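J.: Dropping in start35.cif, with mmCIF, C-alpha atoms.
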data_target
loop_
_atom_site.label_atom_id
_atom_site.label_comp_id
_atom_site.auth_asym_id
_atom_site.auth_seq_id
_atom_site.Cartn_x
_atom_site.Cartn_y
_atom_site.Cartn_z
CA MET A 1 2.04 6.66 10.56
CA HIS A 2 -0.17 7.02 7.50
CA GLU A 3 -3.03 8.37 9.62
CA LEU A 4 -2.14 11.95 8.70
CA GLY A 5 -2.76 11.20 5.02
CA LEU A 6 -6.01 9.45 5.93
CA ALA A 7 -7.12 12.43 8.03
CA ARG A 8 -6.50 14.73 5.07
CA SER A 9 -8.55 12.45 2.88
CA ILE A 10 -11.45 12.45 5.37
CA ALA A 11 -11.28 16.26 5.66
CA GLY A 12 -11.41 16.53 1.86
CA ILE A 13 -14.47 14.27 1.62
CA ALA A 14 -16.22 16.15 4.45
CA GLU A 15 -15.55 19.61 3.02
CA GLU A 16 -16.63 18.60 -0.47
CA ASN A 17 -19.88 17.03 0.69
CA ALA A 18 -20.75 19.74 3.20
CA LYS A 19 -21.04 22.21 0.30
CA GLY A 20 -20.44 25.21 2.50
CA ARG A 21 -22.83 24.24 5.32
CA THR A 22 -21.51 24.24 8.88
CA LEU A 23 -20.53 20.80 10.08
CA LYS A 24 -20.79 19.58 13.64
CA GLU A 25 -19.32 16.11 13.37
CA VAL A 26 -17.86 13.77 10.77
CA ARG A 27 -18.41 10.11 11.58
CA VAL A 28 -16.18 7.43 10.14
CA ALA A 29 -16.87 3.71 10.30
CA ILE A 30 -13.79 1.58 10.99
CA GLY A 31 -13.64 -2.22 10.95
CA PRO A 32 -11.18 -4.21 13.08
CA LEU A 33 -9.20 -5.25 9.97
CA ALA A 34 -8.89 -1.74 8.51
CA CYS A 35 -5.41 -1.14 9.98
CA VAL A 36 -6.48 2.24 11.28
CA GLU A 37 -5.54 3.42 14.75
CA ARG A 38 -8.30 5.61 16.18
CA GLY A 39 -6.09 7.54 18.59
CA ALA A 40 -3.59 8.41 15.87
CA LEU A 41 -6.36 9.38 13.47
CA GLU A 42 -7.99 11.62 16.09
CA PHE A 43 -4.65 13.31 16.80
CA CYS A 44 -4.05 13.90 13.09
CA TRP A 45 -7.60 15.16 12.58
CA GLY A 46 -6.90 18.07 14.93
CA LEU A 47 -3.68 18.87 13.06
CA VAL A 48 -5.06 18.82 9.53
CA THR A 49 -8.27 20.71 10.28
CA GLU A 50 -6.85 23.54 12.39
CA SER A 51 -6.77 26.79 10.42
CA THR A 52 -9.09 25.33 7.76
CA GLY A 53 -12.80 25.86 7.09
CA ILE A 54 -13.68 22.82 9.21
CA ALA A 55 -11.61 23.67 12.27
CA GLY A 56 -13.37 22.49 15.44
CA VAL A 57 -15.50 19.92 13.66
CA GLU A 58 -15.47 16.72 15.67
CA LEU A 59 -14.40 13.34 14.38
CA GLY A 60 -16.64 10.53 15.58
CA PHE A 61 -16.08 6.79 15.29
CA LEU A 62 -18.58 4.05 14.51
CA ASP A 63 -17.84 0.34 14.80
CA ALA A 64 -18.01 -1.61 11.58
CA GLU A 65 -17.18 -5.03 10.24
CA GLY A 66 -14.13 -6.42 8.45
CA ASP A 67 -11.89 -3.89 6.74
CA THR A 68 -14.57 -1.21 6.39
CA PHE A 69 -13.10 2.28 6.29
CA VAL A 70 -15.58 4.90 5.12
CA VAL A 71 -16.94 8.32 5.99
CA ARG A 72 -20.38 7.13 7.07
CA GLU A 73 -22.21 10.30 8.16
CA LEU A 74 -21.94 14.04 8.26
CA GLU A 75 -23.83 15.87 10.99
CA PHE A 76 -24.56 19.56 10.49
CA MET A 77 -25.18 22.36 12.96
CA GLU A 78 -28.81 23.37 13.53
CA GLU A 79 -29.50 26.16 11.12
CA ALA A 80 -31.25 29.25 12.46
CA MET B 1 4.72 18.60 8.22
CA CYS B 2 4.53 16.07 5.44
CA GLY B 3 1.16 14.92 4.18
CA THR B 4 1.99 11.25 3.99
CA CYS B 5 3.53 10.18 7.24
CA GLY B 6 3.63 13.17 9.51
CA CYS B 7 7.37 13.74 9.61
CA ALA B 8 8.63 17.29 9.59
CA ASP B 9 11.01 16.96 6.64
CA PRO B 10 10.48 19.98 4.38
CA ALA B 11 12.30 18.25 1.49
CA ASN B 12 9.66 15.57 1.36
CA GLU B 13 8.69 14.71 -2.19
CA VAL B 14 7.94 11.60 -4.19
CA SER B 15 10.19 11.02 -7.18
CA MET B 16 10.92 8.39 -9.81
CA THR B 17 14.43 7.67 -11.14
CA ASN B 18 15.40 5.67 -14.20
CA PRO B 19 18.83 4.19 -13.43
CA GLU B 20 19.62 3.79 -17.13
CA THR B 21 19.26 7.44 -17.99
CA GLY B 22 19.62 8.91 -14.51
CA VAL B 23 16.55 11.01 -15.23
CA LYS B 24 14.59 11.90 -12.10
CA THR B 25 10.92 12.88 -12.34
CA VAL B 26 9.08 14.47 -9.44
CA LEU B 27 5.73 12.71 -8.97
CA ASN B 28 4.47 14.61 -6.00
CA ALA B 29 5.94 17.90 -4.87
CA ALA B 30 6.58 18.53 -1.19
CA LEU B 31 3.68 19.92 0.79
CA GLY B 32 4.11 22.98 2.94
CA HIS B 33 2.30 23.64 6.20
CA GLY B 34 -1.42 23.92 5.79
CA GLU B 35 -1.35 22.75 2.18
CA SER B 36 -3.68 19.95 1.32
CA ARG B 37 -3.36 17.21 -1.21
CA SER B 38 -7.09 16.72 -1.13
CA ASP B 39 -7.97 20.01 -2.85
CA ASP B 40 -8.04 18.49 -6.32
CA HIS B 41 -9.13 15.02 -5.34
CA ASP B 42 -11.49 12.93 -7.38
CA HIS B 43 -12.77 10.47 -4.82
CA ASP B 44 -15.15 7.92 -6.13
CA HIS B 45 -18.04 8.94 -3.96
CA HIS B 46 -21.59 10.09 -4.38
CA HIS B 47 -22.57 13.65 -4.99
CA GLU B 48 -25.94 13.83 -3.38
CA GLY B 49 -28.49 16.50 -4.04
CA ASP B 50 -31.25 17.66 -1.73
CA ASP B 51 -33.27 14.50 -2.36
CA VAL B 52 -30.91 12.36 -0.28
CA PRO B 53 -32.65 10.44 2.50
CA HIS B 54 -31.64 11.99 5.78
CA VAL B 55 -32.50 11.99 9.45
CA HIS B 56 -32.42 14.74 12.02
CA GLY B 57 -30.10 14.32 14.97
CA PRO B 58 -30.17 16.27 18.20
CA ALA B 59 -28.27 19.18 16.64
CA GLY B 60 -29.12 19.24 12.98
CA GLU B 61 -29.33 17.27 9.81
CA ILE B 62 -27.31 14.10 9.34
CA ILE B 63 -26.55 12.84 5.87
CA PRO B 64 -25.31 9.32 5.12
CA LEU B 65 -22.25 9.14 2.88
CA GLU B 66 -20.42 5.78 2.78
CA ALA B 67 -17.52 7.50 1.02
CA ALA B 68 -14.50 5.19 0.85
CA ILE B 69 -11.57 7.01 2.43
CA LEU B 70 -9.08 5.11 0.29
CA GLY B 71 -11.39 5.42 -2.73
CA LYS B 72 -8.95 7.40 -4.83
CA ASN B 73 -6.14 4.89 -4.37
CA ASP B 74 -8.48 1.95 -4.96
CA LYS B 75 -9.74 3.47 -8.20
CA ILE B 76 -6.22 3.95 -9.59
CA ALA B 77 -5.27 0.44 -8.42
CA ALA B 78 -8.21 -0.98 -10.37
CA GLN B 79 -7.03 0.90 -13.46
CA ASN B 80 -3.52 -0.50 -12.97
CA ARG B 81 -4.93 -4.02 -12.63
CA GLY B 82 -6.81 -3.65 -15.92
CA TRP B 83 -3.71 -2.27 -17.61
CA PHE B 84 -1.62 -5.25 -16.41
CA GLU B 85 -4.25 -7.82 -17.36
CA GLY B 86 -4.75 -6.27 -20.78
CA ARG B 87 -1.04 -6.63 -21.49
CA GLY B 88 -0.70 -10.10 -19.95
CA VAL B 89 1.69 -8.71 -17.36
CA THR B 90 1.85 -10.44 -13.97
CA ALA B 91 2.37 -7.86 -11.23
CA LEU B 92 3.56 -8.91 -7.78
CA ASN B 93 3.76 -6.67 -4.72
CA ILE B 94 6.65 -7.82 -2.52
CA VAL B 95 6.39 -6.70 1.10
CA SER B 96 8.65 -7.22 4.10
CA SER B 97 10.46 -5.46 6.88
CA PRO B 98 13.69 -3.65 5.87
CA GLY B 99 16.64 -5.98 5.44
CA SER B 100 14.79 -9.27 4.87
CA GLY B 101 16.57 -9.69 1.54
CA LYS B 102 13.94 -8.64 -1.01
CA THR B 103 16.45 -7.09 -3.39
CA THR B 104 18.90 -10.00 -3.07
CA LEU B 105 16.02 -12.40 -3.76
CA LEU B 106 15.21 -10.46 -6.93
CA GLU B 107 18.86 -10.30 -8.02
CA THR B 108 19.20 -14.09 -7.70
CA THR B 109 15.82 -14.64 -9.38
CA ILE B 110 16.77 -12.47 -12.37
CA LYS B 111 20.10 -14.29 -12.76
CA MET B 112 18.53 -17.75 -12.44
CA MET B 113 15.70 -16.96 -14.87
CA ASN B 114 18.34 -15.78 -17.32
CA GLY B 115 15.84 -14.23 -19.70
CA LYS B 116 13.42 -17.19 -19.64
CA ILE B 117 10.78 -14.75 -18.45
CA ASP B 118 11.15 -11.04 -18.90
CA ILE B 119 11.32 -9.35 -15.48
CA ALA B 120 10.94 -5.65 -14.75
CA VAL B 121 11.20 -4.21 -11.26
CA ILE B 122 9.72 -1.14 -9.60
CA GLU B 123 11.76 -0.35 -6.49
CA GLY B 124 10.26 1.60 -3.59
CA ASP B 125 12.45 3.21 -0.94
CA GLN B 126 12.36 6.47 0.96
CA MET B 127 15.71 7.59 -0.43
CA THR B 128 18.48 6.49 -2.87
CA ALA B 129 18.39 4.59 -6.16
CA ASN B 130 20.71 1.86 -4.79
CA ASP B 131 18.20 -0.96 -5.25
CA ALA B 132 17.29 -0.04 -8.84
CA ASP B 133 21.03 0.05 -9.63
CA ARG B 134 21.44 -3.44 -8.15
CA ILE B 135 18.52 -4.79 -10.22
CA ARG B 136 19.89 -3.22 -13.36
CA ASP B 137 23.31 -4.73 -12.68
CA ALA B 138 21.61 -8.12 -12.28
CA GLY B 139 20.24 -7.73 -15.81
CA ALA B 140 16.66 -6.46 -15.57
CA LYS B 141 14.89 -3.18 -16.23
CA ALA B 142 14.25 -1.16 -13.09
CA ILE B 143 12.65 2.09 -11.99
CA GLN B 144 13.26 3.57 -8.57
CA ILE B 145 10.51 5.38 -6.71
CA ASN B 146 11.58 7.47 -3.74
CA THR B 147 8.72 8.15 -1.39
CA GLY B 148 10.55 10.86 0.57
CA ALA B 149 9.01 10.64 4.01
CA GLY B 150 6.29 8.26 2.82
CA CYS B 151 6.06 4.83 4.41
CA HIS B 152 4.52 2.88 1.49
CA LEU B 153 3.92 2.91 -2.26
CA GLU B 154 0.55 4.10 -3.58
CA ALA B 155 -1.30 3.15 -6.75
CA ASP B 156 -0.65 6.45 -8.56
CA MET B 157 3.11 5.98 -8.15
CA ILE B 158 2.82 2.53 -9.74
CA ALA B 159 0.73 3.94 -12.60
CA SER B 160 3.53 6.40 -13.46
CA ALA B 161 6.33 3.86 -12.98
CA ALA B 162 4.59 1.12 -14.99
CA LYS B 163 4.16 3.46 -17.95
CA ALA B 164 7.81 4.47 -17.73
CA ILE B 165 9.12 0.90 -17.48
CA ASP B 166 6.73 -0.34 -20.19
CA PRO B 167 6.71 -4.09 -19.33
CA LYS B 168 6.47 -6.52 -22.24
CA PRO B 169 3.43 -8.80 -22.67
CA GLY B 170 3.99 -12.04 -20.77
CA SER B 171 6.50 -10.44 -18.41
CA LEU B 172 6.68 -10.29 -14.66
CA LEU B 173 6.45 -6.86 -13.06
CA VAL B 174 7.79 -7.07 -9.55
CA ILE B 175 7.02 -4.18 -7.22
CA GLU B 176 9.38 -4.11 -4.28
CA ASN B 177 7.49 -2.10 -1.69
CA VAL B 178 9.07 0.10 0.98
CA GLY B 179 10.41 -2.14 3.76
CA ASN B 180 7.53 -1.87 6.25
CA LEU B 181 5.16 -4.52 7.56
CA VAL B 182 2.42 -2.05 8.52
CA CYS B 183 1.16 0.53 6.00
CA PRO B 184 1.71 -1.29 2.67
CA ALA B 185 -1.01 -3.76 3.74
CA MET B 186 -3.61 -1.01 3.29
CA PHE B 187 -2.72 0.22 -0.16
CA ASP B 188 -3.77 -1.80 -3.19
CA LEU B 189 -1.38 -1.15 -6.07
CA GLY B 190 -3.26 -3.20 -8.68
CA GLU B 191 -1.03 -6.26 -8.26
CA LYS B 192 -2.13 -9.83 -8.92
CA MET B 193 -1.00 -10.78 -5.41
CA LYS B 194 1.13 -9.75 -2.47
CA VAL B 195 4.13 -11.85 -1.48
CA ALA B 196 5.73 -11.43 1.95
CA VAL B 197 9.40 -12.08 2.63
CA ILE B 198 10.59 -12.80 6.14
CA SER B 199 14.08 -13.85 7.10
CA THR B 200 15.32 -16.29 9.71
CA THR B 201 17.17 -13.51 11.55
CA GLU B 202 13.89 -11.69 12.29
CA GLY B 203 12.50 -14.45 14.51
CA GLU B 204 9.57 -16.79 14.05
CA ASP B 205 6.86 -14.47 15.37
CA LYS B 206 6.76 -11.75 12.69
CA PRO B 207 3.50 -13.13 11.24
CA ILE B 208 1.65 -12.89 14.55
CA LYS B 209 3.22 -9.51 15.38
CA TYR B 210 2.09 -8.03 12.04
CA PRO B 211 -1.10 -9.97 11.27
CA HIS B 212 -2.66 -7.37 8.95
CA MET B 213 0.13 -7.81 6.47
CA PHE B 214 0.32 -11.59 6.65
CA ARG B 215 -3.45 -11.86 6.23
CA VAL B 216 -3.39 -10.20 2.80
CA VAL B 217 -0.49 -12.10 1.20
CA GLU B 218 -0.81 -15.30 -0.82
CA VAL B 219 2.80 -16.47 -0.51
CA VAL B 220 5.33 -16.18 2.32
CA ILE B 221 9.01 -16.64 1.53
CA ILE B 222 11.28 -17.50 4.45
CA ASN B 223 14.67 -16.19 3.36
CA LYS B 224 18.21 -16.59 4.78
CA MET B 225 17.66 -20.29 5.54
CA ASP B 226 21.47 -20.65 5.43
CA LEU B 227 21.60 -18.65 8.67
CA ALA B 228 18.85 -20.65 10.42
CA PRO B 229 21.20 -22.88 12.48
CA HIS B 230 23.21 -19.85 13.67
CA VAL B 231 20.22 -17.91 14.93
CA ASP B 232 18.25 -20.86 16.38
CA PHE B 233 15.45 -20.34 13.89
CA ASP B 234 12.53 -22.71 14.50
CA GLU B 235 11.01 -23.35 11.08
CA ALA B 236 8.08 -25.39 12.40
CA ALA B 237 7.11 -22.58 14.80
CA CYS B 238 7.35 -20.01 12.00
CA ARG B 239 5.16 -22.13 9.72
CA ALA B 240 2.62 -22.56 12.53
CA ASN B 241 2.53 -18.79 13.08
CA ILE B 242 1.92 -18.15 9.38
CA ALA B 243 -0.82 -20.81 9.31
CA GLU B 244 -2.48 -19.27 12.37
CA ILE B 245 -2.87 -15.91 10.60
CA ASN B 246 -3.31 -17.12 7.04
CA PRO B 247 -3.99 -20.86 6.64
CA GLY B 248 -4.10 -20.63 2.84
CA ALA B 249 -0.71 -19.00 2.37
CA GLU B 250 1.90 -20.92 0.42
CA ILE B 251 5.28 -21.07 2.20
CA LEU B 252 8.65 -21.31 0.46
CA CYS B 253 11.92 -21.67 2.40
CA LEU B 254 15.05 -20.57 0.58
CA SER B 255 18.34 -18.75 0.70
CA ALA B 256 18.72 -16.07 -1.95
CA LYS B 257 22.42 -15.93 -1.11
CA THR B 258 23.34 -19.60 -1.53
CA GLY B 259 20.57 -20.38 -4.04
CA ASP B 260 19.10 -23.21 -1.95
CA GLY B 261 15.35 -23.49 -2.55
CA MET B 262 15.43 -20.91 -5.36
CA ASP B 263 14.43 -23.49 -7.97
CA ALA B 264 10.97 -23.98 -6.47
CA TRP B 265 10.43 -20.19 -6.30
CA CYS B 266 11.53 -19.66 -9.92
CA LYS B 267 9.32 -22.52 -11.10
CA TRP B 268 6.38 -21.03 -9.19
CA LEU B 269 7.00 -17.62 -10.81
CA GLU B 270 7.25 -19.16 -14.25
CA GLN B 271 3.94 -20.96 -13.83
CA LEU B 272 2.27 -17.80 -12.59
CA ALA B 273 3.52 -15.70 -15.51
CA THR B 274 2.56 -18.36 -18.06
CA SER B 275 -0.94 -18.78 -16.65
CA SER B 276 -1.51 -15.01 -16.80
CA VAL B 277 -0.63 -15.03 -20.49
CA SER B 278 -2.97 -17.94 -21.29
CA GLU B 279 -5.78 -16.17 -19.40
CA THR B 280 -5.32 -13.19 -21.70
CA ALA B 281 -5.12 -15.24 -24.90
#
For the file at hand, write its structure as structure tokens.

T.:
Amino acid sequence: MHELGLARSIAGIAEENAKGRTLKEVRVAIGPLACVERGALEFCWGLVTESTGIAGVELGFLDAEGDTFVVRELEFMEEA
Amino acid sequence: MCGTCGCADPANEVSMTNPETGVKTVLNAALGHGESRSDDHDHDHHHEGDDVPHVHGPAGEIIPLEAAILGKNDKIAAQNRGWFEGRGVTALNIVSSPGSGKTTLLETTIKMMNGKIDIAVIEGDQMTANDADRIRDAGAKAIQINTGAGCHLEADMIASAAKAIDPKPGSLLVIENVGNLVCPAMFDLGEKMKVAVISTTEGEDKPIKYPHMFRVVEVVIINKMDLAPHVDFDEAACRANIAEINPGAEILCLSAKTGDGMDAWCKWLEQLATSSVSETA
């Protein structure tokens, strides 16, 4: 059950790179050999982001090869 | 809730204990609710400016990142690896399920080596310094890391423990990971290689049940061979299961309790430690 630690790490990377802009979705790329369980990560994402600056930001998944495990894209809200 | 494994233990903290002095050092204080370990992180990722290539999605801007989620651990592991290589220290990461006999294997190894090669051990467990005490009683230096609620060792814990244990050039540094065939597969500690221990009482199918772990090890030790006849252990089936997941893995059958098969293991260790020294020289 290390997905909680991984979710924290993803949240940290997203917040740092968003530089204060409003995020819509954080997309992570996960390979079949990465040892990461999507359902568990999604569950933990909700827990670690609630009551933080990125609460409500969605976590999206992209298929990847091998043991890839990276934050691949950040999508921002349309700015007015 | 703890930041490592999700358990609700408020006393969760990572600590290091030296069994010789009894001194306990806290490596990572417990996290309270809503606290984040990532506030002061130094992930090895890009810091893009406004000139980053980007595309517009249906809602707004999308920026590509490719930031490694385990980047911080991998960076520290690489530093550990350099530190070990620079000193001619051979570091092994021993992984298994709880109760496979990792500590007994190390006790017997230390006694059989009898100082021929200097061995130091970093013990990882959630609680207690029992294993470090056993290693010390067997005649080697040991440091105990307690991961609290954590399910695996991470590279920063090894960096602290390695400095504390100060392994001699030419020595073997054996890291006995937390008994767990899942999470330790993900976390590079900077070791030269991972070695898995399975025991005859666990059944022949552990390698195919936990393929991630068995894919990343270079050696598999089948321990408790003295019990094989009593538990109907099928060695050929076990070997076939290991080969299915990891055809290149070396397999050693032994009993750490009776000493059967220990000679081959000790000889293998000796060769490994000697070759690491000659690589450095």

J.: So which one's closest to chain B, A:Ala14, A:His2, A:Leu47, A:Ala29? Using only C-alpha atoms, please.

T.: A:His2

J.: From the options B:Cys183, B:Gly60, B:Lys257, B:Lys168, which residue's atoms come nearest to Phe76 (chain A), counting all atoms listed in the file?

T.: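 For Phe76 (chain A), the nearest of the given residues is B:Gly60.
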
J.: Write out as a list in words the residues lying within 8 Å of region 188-192 of chain B, counting only C-alpha atoms and excluding same-chain residues fewer than 4 positions away.

T.: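 Final neighbour list, sorted by chain and number: Asn73, Asp74, Ile76, Ala77, Ala78, Gln79, Asn80, Arg81, Thr90, Ala91, Leu92, Asn93, Leu153, Glu154, Ala155 and Ile158 of chain B.
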
J.: Can you spit out the residues from that selection as a tab-separated table (two decimals), in the frame of the given file, using C-alpha atoms?

T.:
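Contents of again_15.tsv, freshly written:
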chain	number	residue	atom	x	y	z
B	73	ASN	CA	-6.14	4.89	-4.37
B	74	ASP	CA	-8.48	1.95	-4.96
B	76	ILE	CA	-6.22	3.95	-9.59
B	77	ALA	CA	-5.27	0.44	-8.42
B	78	ALA	CA	-8.21	-0.98	-10.37
B	79	GLN	CA	-7.03	0.90	-13.46
B	80	ASN	CA	-3.52	-0.50	-12.97
B	81	ARG	CA	-4.93	-4.02	-12.63
B	90	THR	CA	1.85	-10.44	-13.97
B	91	ALA	CA	2.37	-7.86	-11.23
B	92	LEU	CA	3.56	-8.91	-7.78
B	93	ASN	CA	3.76	-6.67	-4.72
B	153	LEU	CA	3.92	2.91	-2.26
B	154	GLU	CA	0.55	4.10	-3.58
B	155	ALA	CA	-1.30	3.15	-6.75
B	158	ILE	CA	2.82	2.53	-9.74

J.: Expand the PyMOL selection byres ((chain B and resi 196-202) around 6) into the explicit residue set it covers here, and present it as a ChimeraX atom specification.

T.: /B:94-96,100,195,203,220-224,228,233

J.: List as a PDB file with C-alpha atoms, keeping the file's coordinate frame the protein and nucleic acid residues near region 112-122 of chain B, meaning an atom at most 8 Å away when all atoms listed in the file are counted, but skip any in the same chain fewer than 5 places from it.

T.:
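The resulting file, selection.pdb, is reproduced below:
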ATOM      1  CA  ALA B 132      17.290  -0.040  -8.840  1.00  0.00           C
ATOM      2  CA  ILE B 135      18.520  -4.790 -10.220  1.00  0.00           C
ATOM      3  CA  ALA B 140      16.660  -6.460 -15.570  1.00  0.00           C
ATOM      4  CA  LYS B 141      14.890  -3.180 -16.230  1.00  0.00           C
ATOM      5  CA  ALA B 142      14.250  -1.160 -13.090  1.00  0.00           C
ATOM      6  CA  ILE B 143      12.650   2.090 -11.990  1.00  0.00           C
ATOM      7  CA  GLN B 144      13.260   3.570  -8.570  1.00  0.00           C
ATOM      8  CA  ILE B 145      10.510   5.380  -6.710  1.00  0.00           C
ATOM      9  CA  ILE B 158       2.820   2.530  -9.740  1.00  0.00           C
ATOM     10  CA  ALA B 161       6.330   3.860 -12.980  1.00  0.00           C
ATOM     11  CA  ALA B 162       4.590   1.120 -14.990  1.00  0.00           C
ATOM     12  CA  ILE B 165       9.120   0.900 -17.480  1.00  0.00           C
ATOM     13  CA  PRO B 167       6.710  -4.090 -19.330  1.00  0.00           C
ATOM     14  CA  LYS B 168       6.470  -6.520 -22.240  1.00  0.00           C
ATOM     15  CA  GLY B 170       3.990 -12.040 -20.770  1.00  0.00           C
ATOM     16  CA  SER B 171       6.500 -10.440 -18.410  1.00  0.00           C
ATOM     17  CA  LEU B 172       6.680 -10.290 -14.660  1.00  0.00           C
ATOM     18  CA  LEU B 173       6.450  -6.860 -13.060  1.00  0.00           C
ATOM     19  CA  VAL B 174       7.790  -7.070  -9.550  1.00  0.00           C
ATOM     20  CA  ILE B 175       7.020  -4.180  -7.220  1.00  0.00           C
ATOM     21  CA  GLU B 176       9.380  -4.110  -4.280  1.00  0.00           C
ATOM     22  CA  CYS B 266      11.530 -19.660  -9.920  1.00  0.00           C
ATOM     23  CA  GLU B 270       7.250 -19.160 -14.250  1.00  0.00           C
ATOM     24  CA  ALA B 273       3.520 -15.700 -15.510  1.00  0.00           C
TER      25      ALA B 273
END

J.: Can I get region 25-31 of chain A with all heavy atoms filled in, as a CSV table (one decimal), in the frame of the given file?

T.:
chain,number,residue,atom,x,y,z
A,25,GLU,N,-20.1,17.3,13.2
A,25,GLU,CA,-19.3,16.1,13.4
A,25,GLU,C,-19.2,15.3,12.1
A,25,GLU,O,-20.2,15.2,11.3
A,25,GLU,CB,-19.9,15.3,14.5
A,25,GLU,CG,-19.0,14.1,14.9
A,25,GLU,CD,-19.6,13.3,16.1
A,25,GLU,OE1,-19.5,13.9,17.2
A,25,GLU,OE2,-20.0,12.2,16.0
A,26,VAL,N,-18.1,14.7,11.9
A,26,VAL,CA,-17.9,13.8,10.8
A,26,VAL,C,-17.7,12.4,11.4
A,26,VAL,O,-16.9,12.2,12.3
A,26,VAL,CB,-16.6,14.1,10.0
A,26,VAL,CG1,-16.3,13.1,8.9
A,26,VAL,CG2,-16.7,15.5,9.4
A,27,ARG,N,-18.5,11.4,11.0
A,27,ARG,CA,-18.4,10.1,11.6
A,27,ARG,C,-17.9,9.1,10.6
A,27,ARG,O,-18.4,8.9,9.5
A,27,ARG,CB,-19.8,9.7,12.1
A,27,ARG,CG,-20.1,10.4,13.4
A,27,ARG,CD,-21.3,9.8,14.1
A,27,ARG,NE,-22.6,10.3,13.6
A,27,ARG,CZ,-23.2,11.4,14.0
A,27,ARG,NH1,-22.7,12.2,14.9
A,27,ARG,NH2,-24.3,11.8,13.5
A,28,VAL,N,-16.8,8.5,11.0
A,28,VAL,CA,-16.2,7.4,10.1
A,28,VAL,C,-16.4,6.1,10.7
A,28,VAL,O,-16.5,5.9,12.0
A,28,VAL,CB,-14.7,7.7,9.9
A,28,VAL,CG1,-14.4,8.9,9.2
A,28,VAL,CG2,-13.9,7.7,11.3
A,29,ALA,N,-16.7,5.1,9.9
A,29,ALA,CA,-16.9,3.7,10.3
A,29,ALA,C,-15.6,2.9,10.1
A,29,ALA,O,-15.0,3.0,9.0
A,29,ALA,CB,-18.0,3.1,9.5
A,30,ILE,N,-15.1,2.3,11.1
A,30,ILE,CA,-13.8,1.6,11.0
A,30,ILE,C,-14.0,0.1,11.5
A,30,ILE,O,-14.4,-0.1,12.6
A,30,ILE,CB,-12.7,2.3,11.9
A,30,ILE,CG1,-12.6,3.7,11.5
A,30,ILE,CG2,-11.4,1.6,11.7
A,30,ILE,CD1,-11.6,4.5,12.4
A,31,GLY,N,-13.6,-0.8,10.6
A,31,GLY,CA,-13.6,-2.2,11.0
A,31,GLY,C,-12.4,-2.6,11.6
A,31,GLY,O,-11.3,-2.0,11.5
